[in-house]
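The file structure23.cif comes next; it holds mmCIF, C-alpha atoms.
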```
data_data
#
loop_
_atom_site.label_atom_id
_atom_site.label_comp_id
_atom_site.auth_asym_id
_atom_site.auth_seq_id
_atom_site.Cartn_x
_atom_site.Cartn_y
_atom_site.Cartn_z
CA MET A 19 75.52 84.53 68.83
CA SER A 20 77.79 84.49 71.83
CA VAL A 21 81.20 82.95 71.68
CA PRO A 22 81.74 80.04 74.08
CA PHE A 23 83.95 80.84 77.02
CA SER A 24 87.64 80.32 76.58
CA GLY A 25 90.47 81.28 78.87
CA ALA A 26 91.05 81.19 82.59
CA LEU A 27 88.58 82.09 85.28
CA ARG A 28 91.28 83.05 87.70
CA ARG A 29 94.10 85.45 87.00
CA SER A 30 97.56 84.02 87.30
CA GLY A 31 99.60 85.20 90.24
CA GLY A 32 102.62 86.02 88.15
CA ILE A 33 106.08 84.56 88.03
CA VAL A 34 106.64 84.78 91.76
CA SER A 35 103.73 82.51 92.58
CA ALA A 36 104.78 80.16 89.79
CA ILE A 37 108.21 79.90 91.40
CA GLY A 38 106.60 79.35 94.77
CA LYS A 39 104.46 76.60 93.37
CA GLN A 40 107.46 74.82 91.86
CA LEU A 41 109.41 75.27 95.05
CA LYS A 42 106.74 73.45 97.04
CA SER A 43 107.18 70.32 94.97
CA VAL A 44 110.99 70.26 95.10
CA ASN A 45 112.17 67.05 96.73
CA LEU A 46 115.86 66.41 97.27
CA LYS A 47 115.59 62.95 98.78
CA GLY A 48 117.31 61.38 95.83
CA VAL A 49 120.32 63.65 95.95
CA LYS A 50 123.33 63.38 98.18
CA ARG A 51 125.26 66.42 97.01
CA ILE A 52 124.52 69.56 95.03
CA THR A 53 127.39 71.57 93.57
CA VAL A 54 126.59 75.01 92.22
CA GLN A 55 129.40 76.51 90.21
CA PHE A 56 129.39 80.02 88.78
CA ASP A 57 131.54 83.01 87.96
CA PRO A 58 130.12 85.96 89.86
CA PHE A 59 131.38 88.54 87.38
CA ALA A 60 129.80 86.85 84.38
CA GLU A 61 126.44 87.87 83.01
CA ASN A 62 123.54 85.42 83.21
CA VAL A 63 124.39 84.17 86.69
CA LYS A 64 121.36 85.73 88.28
CA SER A 65 119.20 82.64 87.81
CA THR A 66 121.92 80.39 89.22
CA ARG A 67 122.35 82.53 92.27
CA GLU A 68 118.61 82.71 92.81
CA PHE A 69 118.39 78.94 92.47
CA LEU A 70 121.16 78.54 95.02
CA PHE A 71 119.31 80.81 97.39
CA LEU A 72 116.06 78.90 96.92
CA LEU A 73 117.76 75.58 97.55
CA SER A 74 119.16 76.91 100.80
CA THR A 75 115.75 77.78 102.21
CA PRO A 76 114.88 75.72 105.29
CA LYS A 77 111.81 74.10 103.72
CA VAL A 78 113.73 72.70 100.78
CA ALA A 79 116.67 71.74 102.95
CA LEU A 80 114.30 69.84 105.22
CA THR A 81 113.29 67.45 102.45
CA ASN A 82 116.73 65.90 102.80
CA PRO A 83 118.88 66.99 105.76
CA LYS A 84 121.73 64.79 104.57
CA CYS A 85 122.05 66.56 101.26
CA VAL A 86 125.00 68.94 101.11
CA ILE A 87 124.85 72.09 99.00
CA LYS A 88 128.26 73.30 97.93
CA SER A 89 128.90 76.48 96.01
CA GLU A 90 132.04 76.90 93.96
CA ILE A 91 133.10 80.30 92.75
CA VAL A 92 135.29 80.28 89.69
CA CYS A 93 137.08 83.18 88.10
CA ASP A 94 137.68 81.96 84.58
CA ARG A 95 134.42 82.88 82.87
CA GLN A 96 133.17 79.32 82.82
CA SER A 97 129.48 78.86 82.21
CA ALA A 98 127.39 78.37 85.30
CA SER A 99 126.40 74.82 86.15
CA ILE A 100 124.50 72.93 88.81
CA LYS A 101 125.36 69.29 89.51
CA PHE A 102 123.18 66.88 91.45
CA ALA A 103 125.01 63.79 92.67
CA LEU A 104 122.40 61.11 93.11
CA ILE A 105 122.03 58.47 95.79
CA ASP A 106 122.37 54.81 94.80
CA SER A 107 118.73 53.96 94.40
CA ALA A 108 118.17 57.06 92.33
CA GLN A 109 121.23 56.23 90.26
CA GLU A 110 119.76 52.85 89.43
CA GLN A 111 116.49 54.42 88.56
CA ALA A 112 117.89 57.12 86.35
CA LYS A 113 120.89 55.12 85.11
CA VAL A 114 123.17 58.10 85.59
CA LYS A 115 125.46 59.03 88.42
CA GLU A 116 124.82 62.74 88.41
CA ILE A 117 122.61 65.26 86.68
CA ARG A 118 124.05 68.49 85.43
CA PHE A 119 122.23 71.68 84.44
CA ASN A 120 124.03 74.32 82.39
CA SER A 121 122.27 77.32 83.76
CA ASP A 122 123.71 80.12 81.67
CA ASN A 123 120.61 80.75 79.64
CA ILE A 124 117.90 79.34 81.87
CA ASN A 125 115.42 81.31 83.89
CA THR A 126 114.96 80.66 87.65
CA LEU A 127 111.47 79.31 87.03
CA GLU A 128 112.68 77.05 84.25
CA LEU A 129 115.51 75.80 86.45
CA LEU A 130 113.01 74.83 89.12
CA GLN A 131 110.77 73.16 86.58
CA LEU A 132 113.66 71.14 85.20
CA CYS A 133 114.74 70.24 88.72
CA ASN A 134 111.26 69.01 89.52
CA ARG A 135 111.04 67.05 86.32
CA HIS A 136 114.39 65.30 86.54
CA VAL A 137 115.49 65.33 90.17
CA SER A 138 112.40 65.39 92.36
CA SER A 139 110.97 62.47 90.44
CA LEU A 140 113.93 60.35 91.53
CA ALA A 141 113.10 60.72 95.19
CA PRO A 142 112.48 57.28 96.72
CA PRO A 143 108.92 56.84 97.99
CA GLU A 144 108.42 57.29 101.70
CA GLU A 145 108.13 54.12 103.80
CA ILE A 146 105.59 54.05 106.59
CA THR A 147 107.62 52.91 109.59
CA ASN A 148 105.33 53.44 112.56
CA LYS A 149 101.72 53.16 111.86
CA VAL A 150 99.73 53.87 114.98
CA LEU A 151 96.67 51.59 115.15
CA THR A 152 93.46 53.08 116.39
CA LYS A 153 91.39 51.21 118.95
CA ALA A 154 88.81 50.25 116.36
CA GLU A 155 91.49 48.86 114.05
CA LYS A 156 93.04 46.92 116.90
CA GLN A 157 89.73 45.45 117.81
CA LYS A 158 89.09 44.53 114.24
CA LEU A 159 92.43 42.77 113.96
CA GLY A 160 92.28 41.07 117.34
CA GLY A 161 88.52 40.56 117.38
CA GLY A 162 88.60 38.00 114.63
CA ALA A 163 90.94 35.78 116.62
CA GLY A 164 89.60 36.69 120.08
CA GLY A 165 85.96 36.29 119.10
CA GLY A 166 86.53 32.71 118.08
CA LYS A 167 88.37 32.04 121.36
CA LYS A 168 85.64 33.67 123.39
CA ALA A 169 82.99 31.66 121.72
CA THR A 170 84.76 28.43 122.55
CA LYS A 171 85.29 29.55 126.13
CA LYS A 172 81.67 30.35 126.61
CA LYS A 173 80.73 27.01 125.42
CA MET B 17 58.06 122.02 124.62
CA VAL B 18 61.63 121.23 124.08
CA ASP B 19 62.75 117.68 125.02
CA SER B 20 66.27 116.50 125.24
CA LYS B 21 65.81 114.50 122.08
CA THR B 22 64.34 117.21 120.00
CA VAL B 23 66.33 118.86 117.33
CA VAL B 24 65.78 122.45 116.68
CA THR B 25 65.96 123.40 113.06
CA ILE B 26 64.92 122.07 109.79
CA ILE B 27 65.30 125.23 107.85
CA GLN B 28 66.21 124.72 104.27
CA CYS B 29 67.79 127.86 102.97
CA ASN B 30 67.94 128.05 99.24
CA TYR B 31 68.71 130.79 96.87
CA ILE B 32 66.00 130.93 94.28
CA PRO B 33 65.95 133.30 91.35
CA ILE B 34 62.34 134.25 91.29
CA ARG B 35 61.40 135.95 88.08
CA GLY B 36 64.62 137.87 87.90
CA ASN B 37 64.26 139.27 91.40
CA LEU B 38 67.14 139.33 93.77
CA ALA B 39 67.75 136.08 95.59
CA ALA B 40 66.02 135.80 98.88
CA LYS B 41 66.21 133.48 101.76
CA THR B 42 63.11 131.50 102.19
CA VAL B 43 61.83 128.97 104.55
CA ASN B 44 60.34 126.00 102.91
CA SER B 45 57.54 124.93 105.06
CA HIS B 46 56.47 121.85 103.11
CA SER B 47 59.01 119.65 104.79
CA PHE B 48 57.45 120.32 108.11
CA GLN B 49 54.24 118.43 107.54
CA PHE B 50 55.03 115.61 109.87
CA PRO B 51 52.46 113.34 111.37
CA THR B 52 51.08 114.51 114.61
CA LEU B 53 53.27 112.10 116.60
CA TYR B 54 56.22 114.39 116.13
CA GLN B 55 56.43 117.92 117.23
CA LYS B 56 57.96 120.53 115.10
CA HIS B 57 60.19 123.45 115.71
CA TYR B 58 60.35 126.50 113.55
CA SER B 59 62.37 129.52 113.96
CA ILE B 60 60.55 132.58 113.00
CA MET B 61 61.83 134.40 109.99
CA SER B 62 59.69 137.00 108.40
CA LEU B 63 56.46 135.18 107.92
CA SER B 64 55.13 137.84 105.65
CA LEU B 65 58.15 137.42 103.39
CA ILE B 66 57.49 133.73 103.28
CA GLN B 67 53.92 134.30 102.42
CA LYS B 68 54.82 136.71 99.69
CA ILE B 69 57.35 134.50 97.99
CA LEU B 70 55.70 131.19 98.44
CA PRO B 71 52.03 131.83 98.16
CA LEU B 72 51.23 128.19 98.89
CA ALA B 73 53.04 128.22 102.17
CA LYS B 74 49.94 129.26 103.96
CA SER B 75 49.91 126.73 106.71
CA SER B 76 49.48 128.24 110.11
CA THR B 77 52.80 127.84 111.79
CA PRO B 78 53.02 127.83 115.54
CA ALA B 79 55.97 129.57 117.13
CA LEU B 80 58.19 126.60 117.97
CA GLN B 81 57.73 122.94 117.39
CA SER B 82 60.22 120.10 117.94
CA VAL B 83 61.09 118.03 114.94
CA ARG B 84 62.26 114.78 116.44
CA PHE B 85 61.75 113.28 119.80
CA LYS B 86 62.46 109.67 119.02
CA GLY B 87 65.95 108.39 118.31
CA LYS B 88 65.12 106.98 114.92
CA ILE B 89 64.63 109.28 111.99
CA ASN B 90 63.63 108.23 108.56
CA ILE B 91 66.21 109.01 105.94
CA GLN B 92 66.07 105.86 103.87
CA ARG B 93 62.56 106.19 102.56
CA PRO B 94 61.92 109.87 102.25
CA LYS B 95 58.50 111.02 101.29
CA GLU B 96 58.11 112.05 97.71
CA PRO B 97 58.17 115.82 97.67
CA HIS B 98 55.26 117.88 96.63
CA TYR B 99 55.43 119.01 93.04
CA GLU B 100 56.21 122.56 93.96
CA ARG B 101 58.94 121.53 96.30
CA ALA B 102 60.27 119.13 93.70
CA ARG B 103 60.34 121.90 91.18
CA VAL B 104 62.27 124.13 93.50
CA VAL B 105 64.69 121.39 94.35
CA ALA B 106 65.26 120.61 90.70
CA VAL B 107 65.99 124.19 89.89
CA THR B 108 68.24 124.70 92.82
CA GLN B 109 70.51 121.63 92.30
CA PRO B 110 74.09 122.92 92.26
CA LYS B 111 75.91 122.86 88.97
CA TYR B 112 79.62 122.37 89.43
CA PRO B 113 82.17 123.22 86.74
CA GLU B 114 83.29 120.09 84.88
CA PRO B 115 86.37 118.57 86.52
CA PRO B 116 89.36 118.43 84.20
CA LYS B 117 89.83 114.95 82.76
CA ALA B 118 92.75 113.27 84.42
CA LYS B 119 95.85 114.20 82.54
CA SER B 120 97.02 110.62 82.38
CA CYS B 121 93.69 109.41 81.03
CA PHE B 122 94.71 109.57 77.42
CA LYS B 123 98.32 108.55 77.88
CA THR B 124 99.65 105.11 77.13
CA ARG B 125 100.76 102.75 79.84
CA ALA B 126 104.41 103.38 79.02
CA GLU B 127 104.04 107.11 79.47
CA ARG B 128 102.13 106.64 82.69
CA THR B 129 104.65 104.26 84.22
CA GLN B 130 107.68 106.28 83.22
CA GLN B 131 106.56 109.16 85.32
CA GLN B 132 107.45 107.45 88.60
CA ILE B 133 109.09 110.11 90.67
CA GLU B 134 112.26 108.87 92.25
CA ASN B 135 112.46 109.13 95.98
CA PRO B 136 115.15 111.65 96.95
CA TYR B 137 116.05 109.44 99.90
CA ASN B 138 117.67 107.05 97.40
CA GLU B 139 120.12 109.78 96.56
CA ILE B 140 121.11 110.13 100.19
CA ILE B 141 121.65 106.40 100.62
CA ALA B 142 123.66 106.30 97.38
CA ARG B 143 125.90 109.01 98.75
CA GLU B 144 126.38 107.00 101.91
CA VAL B 145 127.38 103.94 99.85
CA ARG B 146 129.89 105.97 97.86
CA ASN B 147 131.27 107.32 101.12
CA TRP B 148 131.78 103.84 102.48
CA LEU B 149 133.42 102.74 99.27
CA ASP B 150 135.81 105.66 99.24
CA HIS B 151 136.86 105.42 102.86
CA SER B 152 137.25 101.69 103.29
CA ARG B 153 140.46 99.93 102.40
CA LEU B 154 138.76 96.58 102.08
CA VAL B 155 135.36 95.88 100.58
CA ALA B 156 134.18 92.29 100.35
CA VAL B 157 130.96 91.24 98.62
CA PHE B 158 129.23 88.03 99.67
CA HIS B 159 126.37 86.07 98.23
CA LEU B 160 123.87 85.50 101.02
CA ASN B 161 121.89 82.29 101.14
CA SER B 162 118.83 81.89 103.28
CA ILE B 163 119.85 82.85 106.81
CA THR B 164 118.02 83.73 110.00
CA SER B 165 118.41 87.26 111.33
CA ASP B 166 119.70 85.76 114.58
CA GLU B 167 122.66 84.21 112.81
CA ILE B 168 123.41 87.23 110.72
CA PHE B 169 123.31 89.35 113.85
CA ARG B 170 125.88 87.10 115.46
CA VAL B 171 128.09 87.41 112.42
CA ARG B 172 127.61 91.15 112.41
CA VAL B 173 128.68 91.38 116.05
CA GLN B 174 131.76 89.24 115.48
CA LEU B 175 132.73 91.34 112.50
CA HIS B 176 132.11 94.55 114.38
CA LYS B 177 134.62 93.50 117.00
CA GLN B 178 137.23 93.46 114.24
CA ASN B 179 136.08 96.84 112.93
CA LEU B 180 134.41 95.24 109.92
CA HIS B 181 131.04 96.64 108.98
CA LEU B 182 128.39 94.40 107.46
CA LYS B 183 125.93 96.21 105.24
CA SER B 184 123.43 95.51 102.54
CA TYR B 185 121.84 97.80 99.97
CA GLY B 186 119.50 97.34 97.05
CA ARG B 187 120.86 96.95 93.54
CA LYS B 188 119.14 100.07 92.33
CA ILE B 189 120.78 102.20 94.98
CA ILE B 190 124.18 100.65 94.44
CA SER B 191 123.96 101.19 90.72
CA GLN B 192 123.02 104.79 91.37
CA ALA B 193 125.99 105.16 93.70
CA VAL B 194 128.52 103.40 91.54
CA ALA B 195 127.40 103.80 87.94
CA ALA B 196 129.67 106.55 86.70
CA THR B 197 132.52 106.00 89.11
CA ARG B 198 135.56 103.76 89.07
CA TYR B 199 133.75 101.14 91.15
CA GLU B 200 131.45 100.29 88.28
CA ALA B 201 132.89 96.82 87.86
CA ILE B 202 131.44 95.47 91.10
CA LEU B 203 127.87 95.94 89.84
CA PRO B 204 127.39 92.38 88.48
CA LEU B 205 127.86 91.00 92.00
CA PHE B 206 124.62 92.51 93.24
CA HIS B 207 122.09 90.73 91.07
CA SER B 208 120.95 88.43 93.84
CA ASN B 209 120.78 88.31 97.63
CA HIS B 210 124.03 89.80 98.91
CA CYS B 211 125.82 91.57 101.69
CA ILE B 212 128.86 93.83 101.78
CA VAL B 213 131.58 94.10 104.39
CA PHE B 214 133.51 97.34 104.66
CA SER B 215 136.74 97.75 106.55
CA PRO B 216 138.46 101.09 107.06
CA ASP B 217 141.52 99.36 108.53
CA GLN B 218 144.19 97.52 106.72
CA GLN B 219 145.05 93.87 107.14
CA THR B 220 141.67 92.65 108.34
CA ILE B 221 141.16 90.20 105.51
CA GLY B 222 142.45 87.36 107.63
CA SER B 223 139.93 87.88 110.42
CA LEU B 224 137.17 88.41 107.88
CA LEU B 225 137.86 85.10 106.20
CA ARG B 226 138.19 83.37 109.52
CA ILE B 227 134.79 84.59 110.69
CA THR B 228 132.96 83.99 107.44
CA ARG B 229 134.40 80.52 107.03
CA LYS B 230 132.19 79.48 109.94
CA VAL B 231 129.10 80.83 108.20
CA PRO B 232 128.09 78.50 105.37
CA GLN B 233 125.42 80.86 104.11
CA MET B 234 127.91 83.59 103.19
CA VAL B 235 129.71 82.88 99.94
CA LEU B 236 132.59 85.21 99.13
CA LEU B 237 132.31 86.53 95.58
CA GLY B 238 134.95 89.17 95.31
CA GLY B 239 136.17 92.42 96.69
CA VAL B 240 137.99 95.69 96.34
CA VAL B 241 141.29 96.15 98.14
CA GLU B 242 143.04 99.50 97.93
CA ASP B 243 141.17 100.45 94.73
CA THR B 244 141.95 97.13 93.10
CA LEU B 245 139.17 94.74 92.16
CA LEU B 246 140.01 91.22 93.25
CA SER B 247 138.24 87.99 92.53
CA ARG B 248 137.65 85.37 95.19
CA ASN B 249 140.83 83.40 94.52
CA GLU B 250 142.88 86.55 94.44
CA LEU B 251 141.39 87.63 97.75
CA MET B 252 142.30 84.31 99.32
CA ALA B 253 145.83 84.62 97.98
CA TYR B 254 146.00 88.16 99.30
CA ALA B 255 145.00 86.85 102.71
CA GLN B 256 147.88 84.37 102.60
CA LEU B 257 150.44 87.12 102.04
CA PRO B 258 152.59 87.55 105.16
CA GLY B 259 152.28 91.26 105.72
CA LEU B 260 153.51 94.47 104.20
CA GLN B 261 156.93 94.56 105.83
CA ALA B 262 157.59 90.92 105.15
CA VAL B 263 156.54 91.32 101.57
CA GLN B 264 158.74 94.37 101.21
CA ALA B 265 161.62 92.38 102.60
CA GLN B 266 160.89 89.65 100.08
CA LEU B 267 160.91 92.23 97.31
CA VAL B 268 164.25 93.59 98.46
CA GLN B 269 165.60 90.09 98.57
CA THR B 270 164.45 89.41 95.03
CA LEU B 271 166.05 92.60 93.81
CA ASN B 272 169.29 91.80 95.51
CA GLN B 273 169.22 88.29 94.18
CA ALA B 274 170.33 89.41 90.72
CA ALA B 275 173.56 90.89 91.96
CA GLY B 276 173.93 88.24 94.65
CA HIS B 277 173.68 85.48 92.08
CA LEU B 278 176.55 86.97 90.08
CA VAL B 279 178.72 87.24 93.18
CA GLN B 280 177.86 83.67 94.09
CA GLN B 281 178.91 82.42 90.68
CA MET B 282 182.22 84.28 90.92
CA GLN B 283 183.01 82.88 94.32
CA ALA B 284 181.80 79.40 93.56
CA HIS B 285 185.15 77.75 92.92
CA GLN B 286 186.89 79.38 95.87
CA GLN B 287 184.10 78.42 98.21
CA SER B 288 184.02 74.82 97.14
CA PHE B 289 187.80 74.65 97.60
CA VAL B 290 187.51 76.12 101.08
CA GLN B 291 184.78 73.62 101.94
CA VAL B 292 186.86 70.69 100.77
CA LEU B 293 189.79 71.92 102.85
CA ASP B 294 187.48 72.26 105.82
CA VAL B 295 186.27 68.73 105.49
CA HIS B 296 189.82 67.49 105.11
CA ALA B 297 190.93 69.40 108.22
CA LYS B 298 188.07 68.02 110.23
CA GLY B 299 188.85 64.56 109.03
CA GLU B 300 192.49 64.88 110.30
CA VAL B 301 191.31 66.20 113.65
CA LYS B 302 189.00 63.23 114.05
CA GLU B 303 191.81 60.77 113.30
CA THR B 304 194.13 62.33 115.86
CA THR B 305 191.55 62.56 118.65
CA PRO B 306 190.67 58.84 118.65
CA GLU B 307 194.46 58.09 119.01
CA LEU B 308 194.68 60.42 121.97
CA THR B 309 191.76 58.76 123.69
CA GLU B 310 193.16 55.30 123.11
CA GLU B 311 196.43 56.09 124.84
CA PRO B 312 195.20 56.68 128.40
CA LYS B 313 193.44 53.33 128.21
#
```

Please render this file's structure as structure tokens.
Amino acid sequence: MSVPFSGALRRSGGIVSAIGKQLKSVNLKGVKRITVQFDPFAENVKSTREFLFLLSTPKVALTNPKCVIKSEIVCDRQSASIKFALIDSAQEQAKVKEIRFNSDNINTLELLQLCNRHVSSLAPPEEITNKVLTKAEKQKLGGGAGGGKKATKKK
Amino acid sequence: MVDSKTVVTIIQCNYIPIRGNLAAKTVNSHSFQFPTLYQKHYSIMSLSLIQKILPLAKSSTPALQSVRFKGKINIQRPKEPHYERARVVAVTQPKYPEPPKAKSCFKTRAERTQQQIENPYNEIIAREVRNWLDHSRLVAVFHLNSITSDEIFRVRVQLHKQNLHLKSYGRKIISQAVAATRYEAILPLFHSNHCIVFSPDQQTIGSLLRITRKVPQMVLLGGVVEDTLLSRNELMAYAQLPGLQAVQAQLVQTLNQAAGHLVQQMQAHQQSFVQVLDVHAKGEVKETTPELTEEPK
């Protein structure tokens, strides 16, 4: 008689939490320069401006301290655009030199989603430079060689 | 015996219509049948009246008995009342008039949400914004990226020293302030995080640009100078202008240039002739002077 359950158990947090979720996964490691260009008196620049603000937050900026965010204000009713100039390894991976979003008709959330899909995926994987060995690991590594030595010594 | 823990009254006063008689105060004695551990207190009302009205209330009541002497009283598991008492209680339950159904109960969501009363404080702030706009000769609007309040305070202080006032208002208030006035065109600048700088003085654009150049989070969008809306590039160009007197001098020069050009054309031939003569005269002087110098040698 009863209909099987369909739908979500938890209520969605709304657009703000969706934006927050996307923002957490933004990674600018593959970008060396971001140029945001818009005409402030045009309509439809709200999403661009919001995106610019979100990129300037310390958490996002921390993903790549070398990345420069430049904002250009134009007065000739050009459509708003966001350009990501990629680093070399990312350029090889994506086979393009820069990625450009025309953000006239895109929502802030959609902008972030696109950014995550196309730009964050080009971030080079992190290399582990200093791995601190625990005592047990050290023993394991050195024990194999030292144990043999010890055995011979004892003999 | 009255202890410190005893509580004096458990008189339940109810108004009971008894066979159409007038209401009378009664003392219900059935609640006072506690176990012998507890002592009871009564206050004496007319016992004969009690006995008349409640014929069953015949228990012999001593003069005063304490009700409680222990701290704990039982209210969670009350004893089931005697039938008579229950009957009385049932009859005497208060009947309140039905509360009016909430007026918004049958309205749609749209009607409910549209009835948000606007805070009159917004009106006051809007008036303040309009005041600033009317009395400042320079208004610059900036887009504000993520910035710490420490940094913005430093900027605010630096600007204040130049008599520039950094302010920020919500879009709703600004639209209320500006909507039907001549400043309506600046509204699109306030869609996102912003700040406004007002200056009652003239000629502070240079210092404003100098200070805000050091702040990467503030992006100049546009402004209003002497009731003229200027875009960013125009504002920068305006900042490069030398100054009112110099510009007026330039204007005068341009105006005079028309007549001056005509005069120049008329005099052109004479002037060139005079110049050639000059050169020739100088040339002769130079030839003679070397001869003079040679002689003493």

Residues of chain A within 7 Å of chain B: nearest atom pair and distance (Å, one decimal) for each, counting all atoms listed in the file, sorted by chain and number, as JSON lines?
```
{"residue": "A:Pro58", "atom": "CA", "partner": "B:Leu205", "partner_atom": "CA", "distance": 5.9}
{"residue": "A:Phe59", "atom": "CA", "partner": "B:Pro204", "partner_atom": "CA", "distance": 5.6}
{"residue": "A:Lys64", "atom": "CA", "partner": "B:His207", "partner_atom": "CA", "distance": 5.8}
{"residue": "A:Arg67", "atom": "CA", "partner": "B:Ser208", "partner_atom": "CA", "distance": 6.3}
{"residue": "A:Glu68", "atom": "CA", "partner": "B:Ser208", "partner_atom": "CA", "distance": 6.3}
{"residue": "A:Phe71", "atom": "CA", "partner": "B:Asn161", "partner_atom": "CA", "distance": 4.8}
{"residue": "A:Ser74", "atom": "CA", "partner": "B:Ser162", "partner_atom": "CA", "distance": 5.6}
{"residue": "A:Thr75", "atom": "CA", "partner": "B:Ser162", "partner_atom": "CA", "distance": 5.2}
{"residue": "A:Ile91", "atom": "CA", "partner": "B:Leu237", "partner_atom": "CA", "distance": 6.9}
{"residue": "A:Cys93", "atom": "CA", "partner": "B:Ser247", "partner_atom": "CA", "distance": 6.6}
```

Practice item. Enumerate, as a ChimeraX atom specification, the residues matched when the PyMOL selection byres ((chain A and resi 51) around 10) is run on the file above. Key: /A:46,48-50,52-54,84-88,101-105,116

Exercise for review: Please evaluate the PyMOL selection byres ((chain B and resi 151) around 12) against the displayed coordinates and give the resulting residues as a list in words.
Suggested key: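 Output of the PyMOL selection byres ((chain B and resi 151) around 12): Glu144, Val145, Arg146, Asn147, Trp148, Leu149, Asp150, Ser152, Arg153, Leu154, Val155, Phe214, Ser215, Pro216, Asp217, Gln218, Val240, Val241, Glu242 and Asp243 of chain B.
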
Practice item. Rounded to one decimal place, report the atom CA of B:Thr304-atom CA of B:His285 distance in Å. Key: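 Atom-to-atom, atom CA of B:Thr304 to atom CA of B:His285, that is 29.1 Å.
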
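For the pair atom CA of A:Thr81 and atom CA of B:Thr228, the interatomic distance is 26.2 Å.
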
Review point. Skipping near chain neighbours, those fewer than 6 positions away, what residues fall within 10 Å of B:Leu225 using all atoms listed in the file, listed as a ChimeraX atom specification?
Key: /B:156,231,236,251-252,255

Point to revise | Ground truth for the PyMOL selection byres ((chain B and resi 188-195) around 8), written as a list in words | key: Asn138, Glu139, Ile141, Ala142, Arg143, Val145, Arg146, Tyr185, Gly186, Arg187, Ala196, Thr197, Arg198, Tyr199, Glu200 and Leu203 of chain B

Exercise for review: Between atom CA of B:Ala274 and atom CA of B:Leu257, measure the distance and give it in Å to one decimal.
Suggested key: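 Between atom CA of B:Ala274 and atom CA of B:Leu257 the gap is 23.0 Å.
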